[in-house]
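Visitor: So here's entry-v4.txt (compact mmCIF, C-alpha atoms).
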```
# COMPACT_ATOMS: atom_id res chain seq x y z
CA VAL A 1 -34.56 -43.52 25.54
CA MET A 2 -31.02 -43.58 24.15
CA MET A 3 -29.92 -46.03 26.84
CA ARG A 4 -32.67 -48.44 25.82
CA LEU A 5 -31.81 -48.05 22.14
CA GLU A 6 -28.13 -48.73 22.87
CA GLN A 7 -29.13 -51.97 24.59
CA ARG A 8 -31.34 -53.16 21.75
CA LEU A 9 -29.66 -51.84 18.56
CA PRO A 10 -26.22 -52.48 17.04
CA PRO A 11 -23.58 -49.81 17.87
CA GLY A 12 -23.31 -48.64 14.24
CA ARG A 13 -27.04 -48.02 13.97
CA VAL A 14 -27.09 -46.18 17.31
CA ALA A 15 -24.27 -43.89 16.11
CA ARG A 16 -26.17 -43.07 12.91
CA LEU A 17 -29.32 -42.41 14.92
CA LYS A 18 -27.47 -40.05 17.27
CA LYS A 19 -26.01 -38.16 14.32
CA ALA A 20 -29.44 -37.78 12.72
CA MET A 21 -30.97 -36.60 15.99
CA GLU A 22 -28.18 -34.06 16.50
CA ALA A 23 -28.72 -32.68 12.99
CA ASP A 24 -32.49 -32.35 13.59
CA LEU A 25 -31.92 -30.71 16.97
CA ARG A 26 -29.40 -28.28 15.49
CA ARG A 27 -31.84 -27.37 12.74
CA LEU A 28 -34.65 -26.76 15.24
CA VAL A 29 -32.42 -24.63 17.48
CA LEU A 30 -31.28 -22.49 14.53
CA GLN A 31 -34.87 -22.01 13.36
CA LEU A 32 -35.95 -21.02 16.86
CA ALA A 33 -33.02 -18.61 17.11
CA ARG A 34 -33.95 -16.99 13.78
CA ASP A 35 -37.57 -16.59 14.89
CA LYS A 36 -36.51 -15.02 18.19
CA GLU A 37 -34.08 -12.70 16.40
CA LEU A 38 -36.84 -11.48 14.07
CA GLU A 39 -39.09 -10.90 17.08
CA GLY A 40 -36.32 -8.91 18.76
CA THR A 41 -36.33 -11.29 21.75
CA ILE A 42 -32.65 -12.21 21.46
CA ALA A 43 -29.70 -10.71 19.59
CA ILE A 44 -27.44 -13.06 17.64
CA PRO A 45 -24.00 -11.63 16.74
CA THR A 46 -23.05 -11.55 13.08
CA GLU A 47 -20.81 -14.41 11.97
CA THR A 48 -18.23 -13.67 9.28
CA TRP A 49 -15.74 -15.82 7.37
CA GLN A 50 -12.76 -16.07 9.72
CA SER A 51 -10.74 -18.71 11.52
CA ARG A 52 -11.10 -18.86 15.30
CA ALA A 53 -8.00 -20.98 15.86
CA ARG A 54 -5.82 -18.00 16.78
CA GLU A 55 -8.45 -16.62 19.17
CA GLU A 56 -8.77 -20.00 20.86
CA GLY A 57 -4.99 -20.51 21.04
CA ARG A 58 -4.83 -23.71 19.01
CA LYS A 59 -3.59 -24.96 15.66
CA GLU A 60 -5.85 -24.83 12.64
CA THR A 61 -7.47 -28.04 11.52
CA PRO A 62 -6.99 -29.16 7.88
CA GLU A 63 -10.55 -28.02 7.14
CA GLU A 64 -9.85 -24.56 8.58
CA ARG A 65 -6.63 -24.25 6.56
CA GLU A 66 -8.49 -25.16 3.38
CA GLU A 67 -11.21 -22.65 4.18
CA ARG A 68 -8.65 -19.90 4.89
CA SER A 69 -6.94 -20.65 1.58
CA ALA A 70 -10.26 -20.48 -0.26
CA ILE A 71 -11.14 -17.18 1.42
CA ARG A 72 -7.76 -15.73 0.44
CA ARG A 73 -8.42 -16.62 -3.20
CA VAL A 74 -12.12 -15.84 -3.65
CA GLY A 75 -13.01 -14.26 -0.32
CA PHE A 76 -13.71 -10.90 -1.94
CA LEU A 77 -16.93 -12.47 -3.23
CA THR A 78 -18.21 -13.49 0.22
CA LYS A 79 -16.36 -11.70 3.03
CA ASN A 80 -18.67 -8.66 3.05
CA TYR A 81 -21.75 -10.81 3.66
CA LYS A 82 -23.12 -12.85 6.51
CA VAL A 83 -22.22 -16.52 6.21
CA GLN A 84 -25.75 -17.66 5.37
CA PHE A 85 -25.91 -15.12 2.50
CA TRP A 86 -22.65 -16.10 0.78
CA TYR A 87 -24.50 -16.16 -2.58
CA PHE A 88 -25.56 -12.50 -2.50
CA GLU A 89 -22.69 -11.34 -4.73
CA LEU A 90 -24.02 -13.67 -7.44
CA PHE A 91 -27.44 -12.08 -7.01
CA GLU A 92 -25.86 -8.63 -7.40
CA MET A 93 -23.95 -9.65 -10.53
CA PHE A 94 -27.16 -11.05 -12.03
CA ARG A 95 -29.00 -7.81 -11.25
CA LYS A 96 -26.27 -5.72 -12.89
CA LEU A 97 -26.25 -8.03 -15.90
CA MET A 98 -30.00 -7.58 -16.28
CA MET A 99 -29.72 -3.79 -15.97
CA THR A 100 -26.78 -3.33 -18.34
CA SER A 101 -27.40 -6.01 -20.96
CA VAL A 102 -30.83 -7.60 -20.99
CA VAL A 103 -32.89 -4.42 -20.46
CA THR A 104 -31.00 -2.77 -23.34
CA PHE A 105 -32.75 -5.07 -25.83
CA ILE A 106 -36.28 -4.72 -24.39
CA TYR A 107 -38.36 -2.29 -26.45
CA THR A 108 -35.50 0.16 -26.91
CA GLY A 109 -36.49 3.78 -26.33
CA THR A 110 -39.98 2.98 -25.02
CA PRO A 111 -41.57 3.34 -21.54
CA ALA A 112 -41.56 -0.48 -21.26
CA GLN A 113 -37.75 -0.48 -21.25
CA VAL A 114 -37.52 1.98 -18.35
CA ALA A 115 -40.35 0.20 -16.54
CA SER A 116 -38.45 -3.10 -16.80
CA GLY A 117 -35.40 -1.53 -15.20
CA LEU A 118 -37.59 0.02 -12.50
CA MET A 119 -39.18 -3.34 -11.71
CA ILE A 120 -35.78 -5.08 -11.43
CA THR A 121 -34.47 -2.34 -9.14
CA LEU A 122 -37.54 -2.42 -6.89
CA ILE A 123 -37.30 -6.20 -6.50
CA ALA A 124 -33.61 -5.93 -5.62
CA THR A 125 -34.32 -3.13 -3.12
CA LEU A 126 -37.07 -5.03 -1.32
CA TYR A 127 -35.10 -8.29 -1.27
CA THR A 128 -31.94 -6.61 0.06
CA GLN A 129 -33.89 -4.80 2.77
CA HIS A 130 -35.70 -7.99 3.74
CA ILE A 131 -32.72 -10.30 4.21
CA ARG A 132 -30.07 -7.64 5.14
CA PRO A 133 -27.15 -9.79 3.90
CA PHE A 134 -24.22 -7.49 4.69
CA ALA A 135 -22.06 -8.21 7.74
CA ASP A 136 -21.71 -4.44 8.27
CA ASP A 137 -25.14 -2.83 8.61
CA ARG A 138 -23.72 0.50 7.44
CA ILE A 139 -22.85 -1.00 4.06
CA GLY A 140 -26.29 -2.59 3.90
CA ASP A 141 -27.99 0.74 4.57
CA MET A 142 -25.89 2.37 1.86
CA GLN A 143 -26.80 -0.39 -0.61
CA VAL A 144 -30.53 -0.04 0.06
CA PHE A 145 -30.37 3.75 -0.19
CA SER A 146 -28.44 3.55 -3.48
CA LEU A 147 -30.98 1.11 -4.94
CA ALA A 148 -33.86 3.32 -3.82
CA THR A 149 -32.17 6.33 -5.44
CA GLN A 150 -31.76 4.36 -8.66
CA ALA A 151 -35.45 3.44 -8.53
CA PHE A 152 -36.50 7.10 -8.18
CA THR A 153 -34.16 8.03 -11.04
CA LEU A 154 -35.76 5.39 -13.27
CA LEU A 155 -39.21 6.57 -12.24
CA TYR A 156 -38.30 10.10 -13.34
CA GLY A 157 -36.92 8.67 -16.58
CA LEU A 158 -40.25 6.90 -17.12
CA MET A 159 -42.06 10.21 -16.61
CA LEU A 160 -39.82 11.90 -19.21
CA THR A 161 -40.39 9.10 -21.71
CA ILE A 162 -44.16 9.41 -21.30
CA ASP A 163 -43.88 13.21 -21.65
CA ASP A 164 -42.04 12.77 -24.96
CA LEU A 165 -44.82 10.52 -26.24
CA THR A 166 -47.39 13.08 -25.09
CA THR A 167 -45.57 15.83 -26.99
CA LEU A 168 -45.44 13.70 -30.13
CA LEU A 169 -49.20 13.21 -29.91
CA GLY A 170 -49.64 16.99 -29.76
CA LEU A 171 -51.18 17.04 -26.29
CA GLN A 172 -50.67 20.07 -24.05
CA GLN A 173 -49.35 19.68 -20.52
CA SER A 174 -50.89 21.62 -17.66
CA PHE A 175 -49.03 23.91 -15.28
CA THR A 176 -49.49 21.36 -12.49
CA GLU A 177 -47.83 18.64 -14.57
CA ASP A 178 -44.87 20.93 -15.25
CA MET A 179 -44.52 21.68 -11.54
CA VAL A 180 -44.64 17.98 -10.65
CA ARG A 181 -41.98 17.19 -13.24
CA THR A 182 -39.74 20.01 -11.99
CA GLY A 183 -40.18 18.93 -8.37
CA MET A 184 -39.40 15.32 -9.25
CA ALA A 185 -36.25 16.39 -11.11
CA SER A 186 -35.04 18.40 -8.11
CA PHE A 187 -35.76 15.47 -5.79
CA VAL A 188 -33.83 13.03 -7.99
CA VAL A 189 -30.83 15.36 -8.19
CA LEU A 190 -30.90 15.77 -4.40
CA LEU A 191 -31.01 11.99 -3.87
CA ASN A 192 -28.10 11.33 -6.23
CA THR A 193 -26.09 14.06 -4.52
CA PHE A 194 -26.87 12.57 -1.12
CA VAL A 195 -25.61 9.15 -2.26
CA THR A 196 -22.17 10.70 -2.60
CA ALA A 197 -22.46 12.65 0.64
CA PHE A 198 -23.97 9.79 2.66
CA PRO A 199 -20.67 8.08 3.65
CA VAL A 200 -19.18 11.44 4.66
CA LEU A 201 -22.22 12.32 6.76
CA ARG A 202 -22.24 8.86 8.32
CA LYS A 203 -18.56 9.19 9.22
CA ALA A 204 -19.13 12.66 10.68
CA ALA A 205 -22.06 11.38 12.75
CA THR A 206 -19.93 8.51 14.07
CA MET A 207 -17.08 10.87 14.99
CA LEU A 208 -19.51 13.22 16.76
CA LYS A 209 -21.04 10.31 18.66
CA ASN A 210 -17.60 9.07 19.76
CA HIS A 211 -16.59 12.59 20.81
CA LEU A 212 -19.73 13.02 22.91
CA GLU A 213 -19.21 9.58 24.44
CA LYS A 214 -15.64 10.47 25.43
CA LYS A 215 -16.82 13.72 26.99
CA ARG A 216 -19.49 11.85 28.93
CA GLN A 217 -16.95 9.32 30.19
CA ALA A 218 -14.53 12.10 31.18
CA LYS A 219 -17.34 13.89 33.03
CA ASN A 220 -18.25 10.69 34.86
CA LEU A 221 -14.61 10.15 35.85
CA GLN A 222 -14.36 13.71 37.18
CA ALA A 223 -17.56 13.26 39.15
CA ALA A 224 -16.30 9.95 40.57
CA ALA A 225 -12.97 11.54 41.51
CA ALA A 226 -14.78 14.46 43.20
CA ARG A 227 -16.93 12.03 45.19
CA ALA A 228 -13.84 10.07 46.23
CA ARG A 229 -12.09 13.25 47.44
CA GLN A 230 -15.21 14.29 49.31
CA GLU A 231 -15.42 10.92 51.04
CA GLU A 232 -11.71 11.12 51.97
CA GLU A 233 -12.22 14.59 53.45
CA GLU A 234 -15.22 13.40 55.46
CA GLU A 235 -13.22 10.44 56.76
CA ALA A 236 -10.34 12.77 57.67
CA ARG A 237 -12.69 15.07 59.65
CA ALA A 238 -14.17 12.07 61.41
```
Go through the file and emit its structure as structure tokens.
Guide:
Amino acid sequence: VMMRLEQRLPPGRVARLKKAMEADLRRLVLQLARDKELEGTIAIPTETWQSRAREEGRKETPEEREERSAIRRVGFLTKNYKVQFWYFELFEMFRKLMMTSVVTFIYTGTPAQVASGLMITLIATLYTQHIRPFADDRIGDMQVFSLATQAFTLLYGLMLTIDDLTTLLGLQQSFTEDMVRTGMASFVVLLNTFVTAFPVLRKAATMLKNHLEKKRQAKNLQAAAARARQEEEEEARA
């Protein structure tokens, strides 16, 4: 088809057509790759902001030098995220702004204020878990867990606010309601404690996994050496 078009169309128009076709093909391939990655059919490695000139043993192009300079200046805003989610830091700043400033002026001291914060946190948790924007999955897991802990804390705060209104109305609370509130308080304290301990536990689990892997490799080497000695002895007897 392209050969026929080259014969019938001017060279400039053919070049523009090729460029458009390449862009469409690239877009289709990327969409197919994303679909297959979601299905678990193929695994696509995470791409981060870095220059590949040194790895490929060549000089950087002007575009790569400009990109490296930009990353050095504002890279702290994007380097922790996958390339396609470069904007996620802006999303995080907007979420924090909503939680620290906007929610403060919404029905101060009422259940609606706590409920607004809970809604914002739940949306951020679901969105972060859905797109998984962090280049390091461990940081992403920690972010989702922290947001979930904040959501449970706000839920407990909503319960306390409603309890205060109930007390002001002179209504009595049952023993079951007291037990639920106490259990929820203990659960929230445990979650917030675990947020601090989570990185330490994750590091300990990684160290244990590496230690067991080294022991397994050493055991395999010993077994291979034993088999080699046994084969040498059998050859010597023969």
Visitor: Using all atoms listed in the file, can you list as a PyMOL selection string the residues within 12 Å of (-29.1, 11.5, -5.3)?
Guide: chain A and resi 145-153+184-198
Visitor: Provide the CA of Met119 (chain A) to CA of Ser101 (chain A) distance in Å, to one decimal place.
Guide: 15.2 Å
Visitor: Identify, on the basis of only C-alpha atoms, every residue whose closest approach to region 86-93 of chain A does not exceed 9 Å; exclude the query and any residue fewer than 6 positions from it along the same chain; express the result as a PDB file with C-alpha atoms, in the frame of the given file.
Guide:
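Final output, saved to out.pdb:
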```pdb
ATOM      1  CA  LEU A  77     -16.930 -12.470  -3.230  1.00  0.00           C
ATOM      2  CA  THR A  78     -18.210 -13.490   0.220  1.00  0.00           C
ATOM      3  CA  LYS A  79     -16.360 -11.700   3.030  1.00  0.00           C
ATOM      4  CA  ASN A  80     -18.670  -8.660   3.050  1.00  0.00           C
ATOM      5  CA  ALA A 124     -33.610  -5.930  -5.620  1.00  0.00           C
ATOM      6  CA  PRO A 133     -27.150  -9.790   3.900  1.00  0.00           C
ATOM      7  CA  PHE A 134     -24.220  -7.490   4.690  1.00  0.00           C
TER       8      PHE A 134
END
```
Visitor: Just how far from CA of Ala205 (chain A) is CA of Val83 (chain A), in Å to one decimal?
Guide: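 Between these atoms lies a distance of 28.7 Å.
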Visitor: A:Met179, A:Met98, A:Ile162, A:Val29: which is nearest Ala112 (chain A), counting only C-alpha atoms?
Guide: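 Closest to Ala112 (chain A) of all the choices is A:Ile162.
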Visitor: In Å, with one decimal, what is the gap from CA of Asp164 (chain A) to CA of Pro111 (chain A)?
Guide: 10.0 Å
Visitor: Taking all atoms of region 52-71 of chain A that the file lists and extending 8 Å past them on each side, where is the centre of the axis-aligned box and how long are its edges? Answer in Å to one decimal, as AutoDock Vina command-line options.
Guide:
```
--center_x -7.4 --center_y -22.9 --center_z 10.4 --size_x 23.6 --size_y 28.5 --size_z 37.3
```
Visitor: Between A:Leu155, A:Ala135, A:Val144, A:Leu165, which residue has the minimum interatomic distance to Gly109 (chain A), considering all atoms listed in the file?
Guide: A:Leu165
